[in-house]
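Participant: The following file, work.cif, comprises mmCIF, C-alpha atoms and all ligand atoms:
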```
data_input
#
loop_
_atom_site.label_atom_id
_atom_site.label_comp_id
_atom_site.auth_asym_id
_atom_site.auth_seq_id
_atom_site.Cartn_x
_atom_site.Cartn_y
_atom_site.Cartn_z
CA MET A 1 9.65 -15.92 3.05
CA ILE A 2 10.45 -12.89 0.91
CA LEU A 3 8.19 -12.80 -2.14
CA PRO A 4 8.90 -11.13 -5.49
CA ILE A 5 7.19 -7.73 -5.77
CA LEU A 6 5.36 -7.26 -9.07
CA GLN A 7 5.99 -4.15 -11.11
CA TYR A 8 3.75 -1.87 -13.10
CA GLY A 9 2.57 -3.67 -16.21
CA GLU A 10 1.49 -6.86 -14.41
CA PRO A 11 -2.26 -7.21 -14.99
CA ILE A 12 -3.01 -8.30 -11.42
CA LEU A 13 -2.08 -4.82 -10.19
CA ARG A 14 -5.28 -3.68 -11.91
CA ALA A 15 -7.46 -6.40 -10.34
CA LYS A 16 -9.91 -5.70 -7.55
CA GLY A 17 -9.08 -8.01 -4.66
CA LYS A 18 -11.55 -10.70 -3.63
CA ARG A 19 -13.03 -10.55 -0.18
CA ILE A 20 -11.43 -12.98 2.30
CA ASP A 21 -14.18 -15.04 3.91
CA GLU A 22 -12.03 -17.34 5.99
CA ILE A 23 -8.81 -16.35 7.71
CA ASP A 24 -6.96 -19.66 7.61
CA ASP A 25 -3.32 -20.75 7.81
CA ARG A 26 -2.73 -19.77 4.18
CA ILE A 27 -3.86 -16.19 4.82
CA ARG A 28 -1.82 -16.01 8.04
CA GLN A 29 1.28 -17.23 6.21
CA LEU A 30 0.65 -14.84 3.33
CA ALA A 31 0.37 -11.90 5.74
CA ALA A 32 3.60 -12.94 7.49
CA ASP A 33 5.39 -13.24 4.14
CA MET A 34 4.05 -9.87 3.04
CA ILE A 35 5.34 -8.21 6.22
CA GLU A 36 8.76 -9.80 5.69
CA THR A 37 8.77 -8.73 2.03
CA MET A 38 7.73 -5.16 2.88
CA HIS A 39 10.46 -4.84 5.52
CA ALA A 40 13.11 -6.32 3.21
CA ALA A 41 12.16 -3.79 0.52
CA HIS A 42 12.21 -0.89 3.01
CA GLY A 43 8.58 -0.18 2.16
CA VAL A 44 5.95 1.07 4.57
CA GLY A 45 3.01 -0.75 2.99
CA LEU A 46 2.31 -3.68 0.69
CA ALA A 47 -0.93 -4.90 -0.87
CA ALA A 48 -1.70 -8.50 -1.87
CA GLN A 49 -1.87 -7.57 -5.57
CA GLN A 50 1.79 -6.52 -5.42
CA ILE A 51 2.84 -10.10 -4.66
CA GLY A 52 0.40 -11.59 -7.16
CA GLU A 53 -2.66 -12.33 -4.99
CA GLY A 54 -5.97 -10.69 -5.85
CA LEU A 55 -7.20 -10.49 -2.27
CA GLN A 56 -8.45 -7.82 0.14
CA LEU A 57 -5.31 -7.98 2.27
CA THR A 58 -2.72 -5.33 3.00
CA VAL A 59 0.07 -4.84 5.53
CA LEU A 60 1.64 -1.58 6.75
CA ASP A 61 4.47 -0.49 9.01
CA ILE A 62 5.12 3.22 9.37
CA SER A 63 7.16 2.90 12.57
CA ALA A 64 10.45 3.90 10.87
CA VAL A 65 8.99 7.11 9.43
CA GLU A 66 10.02 9.97 11.69
CA ASP A 67 9.69 13.11 9.61
CA ARG A 68 6.03 12.67 8.63
CA PRO A 69 3.77 12.41 11.68
CA SER A 70 0.90 9.97 12.03
CA THR A 71 -1.97 9.68 14.47
CA LEU A 72 -4.03 6.63 15.38
CA LYS A 73 -7.18 6.12 17.40
CA VAL A 74 -8.47 2.69 18.29
CA ASP A 75 -12.02 2.60 19.66
CA GLY A 76 -11.84 6.37 20.11
CA SER A 77 -8.64 6.41 22.21
CA ASP A 78 -5.30 7.77 21.04
CA VAL A 79 -2.67 5.09 20.49
CA ASP A 80 1.00 5.55 19.60
CA PRO A 81 0.91 4.41 15.95
CA ARG A 82 4.30 2.70 16.28
CA THR A 83 2.96 0.27 18.89
CA ALA A 84 0.24 -0.89 16.46
CA MET A 85 2.72 -1.82 13.70
CA PRO A 86 2.88 -3.92 11.66
CA LEU A 87 -0.75 -3.48 10.82
CA VAL A 88 -2.64 -6.18 8.91
CA LEU A 89 -5.92 -5.06 7.32
CA ILE A 90 -8.27 -7.66 5.84
CA ASN A 91 -11.34 -6.60 3.82
CA PRO A 92 -10.83 -2.93 4.75
CA GLU A 93 -13.55 -0.35 4.22
CA ILE A 94 -12.60 3.28 4.37
CA ASP A 95 -14.33 6.60 4.99
CA LEU A 96 -12.30 9.69 4.23
CA LEU A 97 -12.39 12.67 6.59
CA GLY A 98 -11.12 16.21 6.72
CA GLU A 99 -9.33 18.35 4.21
CA THR A 100 -7.03 16.99 1.55
CA GLN A 101 -3.27 17.35 1.59
CA VAL A 102 -0.71 16.91 -1.13
CA GLY A 103 2.29 14.76 -0.23
CA VAL A 104 4.99 12.78 -1.97
CA GLU A 105 4.51 9.03 -2.42
CA GLY A 106 6.44 6.20 -3.95
CA CYS A 107 5.28 2.66 -4.67
CA LEU A 108 7.18 -0.63 -4.48
CA SER A 109 5.67 -1.55 -7.87
CA PHE A 110 7.16 1.60 -9.47
CA PRO A 111 10.90 1.56 -8.76
CA GLU A 112 12.46 5.01 -8.56
CA ILE A 113 9.24 6.87 -9.35
CA THR A 114 7.59 9.28 -6.91
CA GLY A 115 4.76 11.73 -7.26
CA ASP A 116 2.74 14.33 -5.38
CA ILE A 117 -0.62 12.84 -4.50
CA GLU A 118 -3.65 14.50 -2.95
CA ARG A 119 -5.18 12.46 -0.12
CA ALA A 120 -7.63 13.02 2.71
CA GLU A 121 -5.80 14.00 5.90
CA SER A 122 -7.60 11.38 7.96
CA ALA A 123 -9.69 8.28 7.50
CA VAL A 124 -11.81 5.82 9.43
CA ILE A 125 -11.08 2.21 8.55
CA ARG A 126 -13.08 -0.87 9.40
CA ALA A 127 -11.29 -4.13 8.73
CA GLN A 128 -10.62 -7.56 10.13
CA ASN A 129 -7.34 -8.52 11.73
CA LEU A 130 -5.63 -11.91 11.58
CA GLU A 131 -7.67 -13.08 14.55
CA GLY A 132 -10.82 -12.42 12.55
CA ASP A 133 -11.89 -9.59 14.87
CA THR A 134 -13.42 -6.51 13.31
CA ILE A 135 -11.37 -3.45 14.18
CA GLN A 136 -12.23 0.20 13.66
CA ILE A 137 -9.41 2.71 13.62
CA GLU A 138 -9.07 6.38 12.84
CA ALA A 139 -5.79 7.23 11.14
CA GLY A 140 -4.35 10.69 10.51
CA GLY A 141 -1.33 12.16 8.78
CA PHE A 142 1.09 9.85 7.04
CA LEU A 143 -0.64 6.67 8.25
CA ALA A 144 -3.92 7.87 6.70
CA ARG A 145 -2.05 8.50 3.44
CA ALA A 146 -0.42 5.07 3.51
CA ILE A 147 -3.73 3.30 4.19
CA GLN A 148 -5.42 5.17 1.32
CA HIS A 149 -2.57 4.15 -1.02
CA GLU A 150 -2.95 0.48 0.01
CA HIS A 151 -6.75 0.56 -0.11
CA ASP A 152 -6.44 1.83 -3.68
CA HIS A 153 -4.18 -1.14 -4.54
CA LEU A 154 -6.87 -3.52 -3.25
CA ASN A 155 -9.24 -1.98 -5.79
CA GLY A 156 -6.80 -2.01 -8.70
CA ILE A 157 -6.10 1.72 -8.43
CA LEU A 158 -2.47 2.88 -8.69
CA PHE A 159 -0.92 6.10 -7.45
CA ILE A 160 -0.22 7.24 -11.00
CA ASP A 161 -4.01 7.37 -11.49
CA ARG A 162 -4.10 10.12 -8.86
CA MET A 163 -1.20 12.18 -10.16
CA ARG A 164 -1.88 15.52 -11.77
CA SER A 165 -1.92 15.10 -15.52
CA ALA A 166 1.18 17.28 -16.07
CA GLU A 167 3.14 15.12 -13.65
CA LYS A 168 1.93 11.95 -15.34
CA VAL A 169 2.83 13.30 -18.77
CA ALA A 170 6.32 14.10 -17.49
CA LEU A 171 6.66 10.49 -16.31
CA SER A 172 5.11 8.86 -19.37
CA GLY A 173 8.41 7.80 -20.95
CA ARG A 174 9.61 6.16 -17.73
CA LEU A 175 6.26 4.46 -17.22
CA ARG A 176 6.34 3.04 -20.75
CA ARG A 177 9.87 1.74 -20.21
CA LEU A 178 8.84 0.14 -16.93
CA GLN A 179 5.83 -1.55 -18.56
CA LYS A 180 8.04 -2.89 -21.36
CA GLU A 181 10.59 -4.17 -18.91
CA THR A 182 7.84 -5.93 -16.93
CA LYS A 183 6.49 -7.56 -20.12
CA ARG A 184 9.99 -8.82 -20.92
CA GLY A 185 10.05 -10.41 -17.47
CA GLY A 186 12.75 -8.11 -16.20
CA ARG A 187 12.85 -6.74 -12.72
CA HIS A 188 14.64 -3.85 -11.14
CA ARG A 189 17.16 -5.21 -8.70
CA GLU A 190 17.73 -2.00 -6.85
CA ALA A 191 14.82 -1.11 -4.63
CA LEU A 192 14.10 2.52 -3.99
CA VAL A 193 15.15 2.86 -0.39
CA SER A 194 12.77 5.49 0.81
CA GLU A 195 10.41 6.06 3.65
CA VAL A 196 7.59 6.96 1.31
CA THR A 197 7.40 3.71 -0.65
CA LEU A 198 4.10 1.89 -0.23
ZN ZN B 201 1.98 1.02 -3.93
#
```
Could you render the structure as structure tokens?
Facilitator:
Amino acid sequence: MILPILQYGEPILRAKGKRIDEIDDRIRQLAADMIETMHAAHGVGLAAQQIGEGLQLTVLDISAVEDRPSTLKVDGSDVDPRTAMPLVLINPEIDLLGETQVGVEGCLSFPEITGDIERAESAVIRAQNLEGDTIQIEAGGFLARAIQHEHDHLNGILFIDRMRSAEKVALSGRLRRLQKETKRGGRHREALVSEVTL
């Protein structure tokens, strides 16, 4: 089932997600609905807060992104990232590695807004999957960026918080309009069709 994606201005986007102690049918259905919603919106990642659930749950699928390379290691071995998609991460913990890189990002909760965001070039993530197994992966490139964006969502952090102040100032009018529209209960109908929307 495709779920409505909440926009900037909804308080739950600022909520830290609760840890998921039991992966039951509700969580499995929620993850399936989030994957369907993310694909329908042409996004590459979606966090539970964006569909109104304050939980440590995020889904990603970077398999359609061709111009921004990703790497993935599972248990120390290289894996083609596309074969691991969609990725469901429950209760993820993240360690950042390497240098930082600036790259453009969008967000499904901020229609038509993008920004240059500095992120670590790789990251080690420990999380549970839908089977309840603990997985440890090392992500690099665009996948590392996408996971950092989603991990931020799970902690109530939004990509505008990581924009350079000049960029945020330049966007302030659009952000205010978006917040107002959200408070009025409006919703952008046109999704930003982009490979960088998380
Ligand atoms: Zn986002």
Participant: Using all atoms listed in the file, which residues of segment 129-159 of chain A come within 8 Å of segment 20-37 of chain A, and what is the closest atom pair for each, with the distance in Å to one decimal? Give it as a tab-separated table, sorted by chain and residue number.
Facilitator:
```
residue	atom	partner	partner_atom	distance
A:Leu130	CA	A:Arg28	CA	6.6
A:Glu131	CA	A:Ile23	CA	7.7
A:Gly132	CA	A:Ile23	CA	6.6
```
Participant: Would you mind exporting C-alpha atoms of the selected residues as a compact mmCIF listing (two decimals), in the frame of the given file?
Facilitator:
```
# COMPACT_ATOMS: atom_id res chain seq x y z
CA LEU A 130 -5.63 -11.91 11.58
CA GLU A 131 -7.67 -13.08 14.55
CA GLY A 132 -10.82 -12.42 12.55
```
Participant: Neighbouring residues of Lys168 of chain A were defined as those with any atom within 12 Å, considering all atoms listed in the file; residues of the same chain fewer than 5 positions away were excluded. Please report them as a ChimeraX atom specification.
Facilitator: /A:113-117,159-163,173-176
Participant: From the list A:Gly103, A:Ala48, A:Ile137, A:Glu93, which residue is nearest Gly76 of chain A when using all atoms listed in the file?
Facilitator: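 Comparing A:Gly103, A:Ala48, A:Ile137, A:Glu93 against Gly76 of chain A, the winner is A:Ile137.
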Participant: If you count all atoms listed in the file, which residues fall within 12 Å of Asp80 of chain A, apart from same-chain ones fewer than 2 positions away, as a list in words?
Facilitator: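 Once the adjacent positions are removed, what remains is Ile62, Ser63, Pro69, Ser70, Thr71, Leu72, Lys73, Val74, Ser77, Asp78, Arg82, Thr83, Ala84, Met85, Ala139, Gly140 and Leu143 of chain A.
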Participant: Restricting it to C-alpha atoms, dump the selection as a PDB file, keeping the file's coordinate frame.
Facilitator:
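And here's again-v4.pdb as it stands now:
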```pdb
ATOM      1  CA  ILE A  62       5.120   3.220   9.370  1.00  0.00           C
ATOM      2  CA  SER A  63       7.160   2.900  12.570  1.00  0.00           C
ATOM      3  CA  PRO A  69       3.770  12.410  11.680  1.00  0.00           C
ATOM      4  CA  SER A  70       0.900   9.970  12.030  1.00  0.00           C
ATOM      5  CA  THR A  71      -1.970   9.680  14.470  1.00  0.00           C
ATOM      6  CA  LEU A  72      -4.030   6.630  15.380  1.00  0.00           C
ATOM      7  CA  LYS A  73      -7.180   6.120  17.400  1.00  0.00           C
ATOM      8  CA  VAL A  74      -8.470   2.690  18.290  1.00  0.00           C
ATOM      9  CA  SER A  77      -8.640   6.410  22.210  1.00  0.00           C
ATOM     10  CA  ASP A  78      -5.300   7.770  21.040  1.00  0.00           C
ATOM     11  CA  ARG A  82       4.300   2.700  16.280  1.00  0.00           C
ATOM     12  CA  THR A  83       2.960   0.270  18.890  1.00  0.00           C
ATOM     13  CA  ALA A  84       0.240  -0.890  16.460  1.00  0.00           C
ATOM     14  CA  MET A  85       2.720  -1.820  13.700  1.00  0.00           C
ATOM     15  CA  ALA A 139      -5.790   7.230  11.140  1.00  0.00           C
ATOM     16  CA  GLY A 140      -4.350  10.690  10.510  1.00  0.00           C
ATOM     17  CA  LEU A 143      -0.640   6.670   8.250  1.00  0.00           C
TER      18      LEU A 143
END
```
Participant: When you draw a straight line from atom CA of Gly185 of chain A to atom CA of Asp61 of chain A, how long is it in Å?
Facilitator: 28.8 Å
Participant: Check which residues fall inside 9 Å of ligand ZN 201 (chain B) when counting all atoms listed in the file, and print them as a PyMOL selection string.
Facilitator: chain A and resi 45-47+50+105-110+146+149-150+152-153+158-159+197-198
Participant: Can you tell me which residues surround Arg19 of chain A at a distance of at most 8 Å, considering all atoms listed in the file, apart from same-chain residues fewer than 3 positions away, and format the answer as an MDAnalysis selection string?
Facilitator: chainID A and resid 55:56 91
Participant: Find the spatial neighbours of Lys183 of chain A, counting only C-alpha atoms, within a cut-off of 10 Å - ignore same-chain residues fewer than 3 positions away - and output them as a compact mmCIF listing (two decimals) with C-alpha atoms, in the frame of the given file.
Facilitator:
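Final output, out.txt:
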```txt
# COMPACT_ATOMS: atom_id res chain seq x y z
CA GLN A 7 5.99 -4.15 -11.11
CA TYR A 8 3.75 -1.87 -13.10
CA GLY A 9 2.57 -3.67 -16.21
CA GLU A 10 1.49 -6.86 -14.41
CA ARG A 177 9.87 1.74 -20.21
CA LEU A 178 8.84 0.14 -16.93
CA GLN A 179 5.83 -1.55 -18.56
CA LYS A 180 8.04 -2.89 -21.36
CA GLY A 186 12.75 -8.11 -16.20
CA ARG A 187 12.85 -6.74 -12.72
```
Participant: In Å, how far is it from atom CA of Ile2 of chain A to atom CA of Leu57 of chain A?
Facilitator: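 Interatomic distance here is 16.6 Å.
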Participant: Of the candidates A:Ile12, A:Glu112, A:Pro86, A:Ile147, which one gets nearest to Ile51 of chain A if we count only C-alpha atoms?
Facilitator: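 Between A:Ile12, A:Glu112, A:Pro86, A:Ile147, the residue approaching Ile51 of chain A most closely is A:Ile12.
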Participant: Just how far from atom CA of Thr134 of chain A is atom CA of Asp75 of chain A, in Å to one decimal?
Facilitator: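 Computing it gives 11.2 Å between the two atoms.
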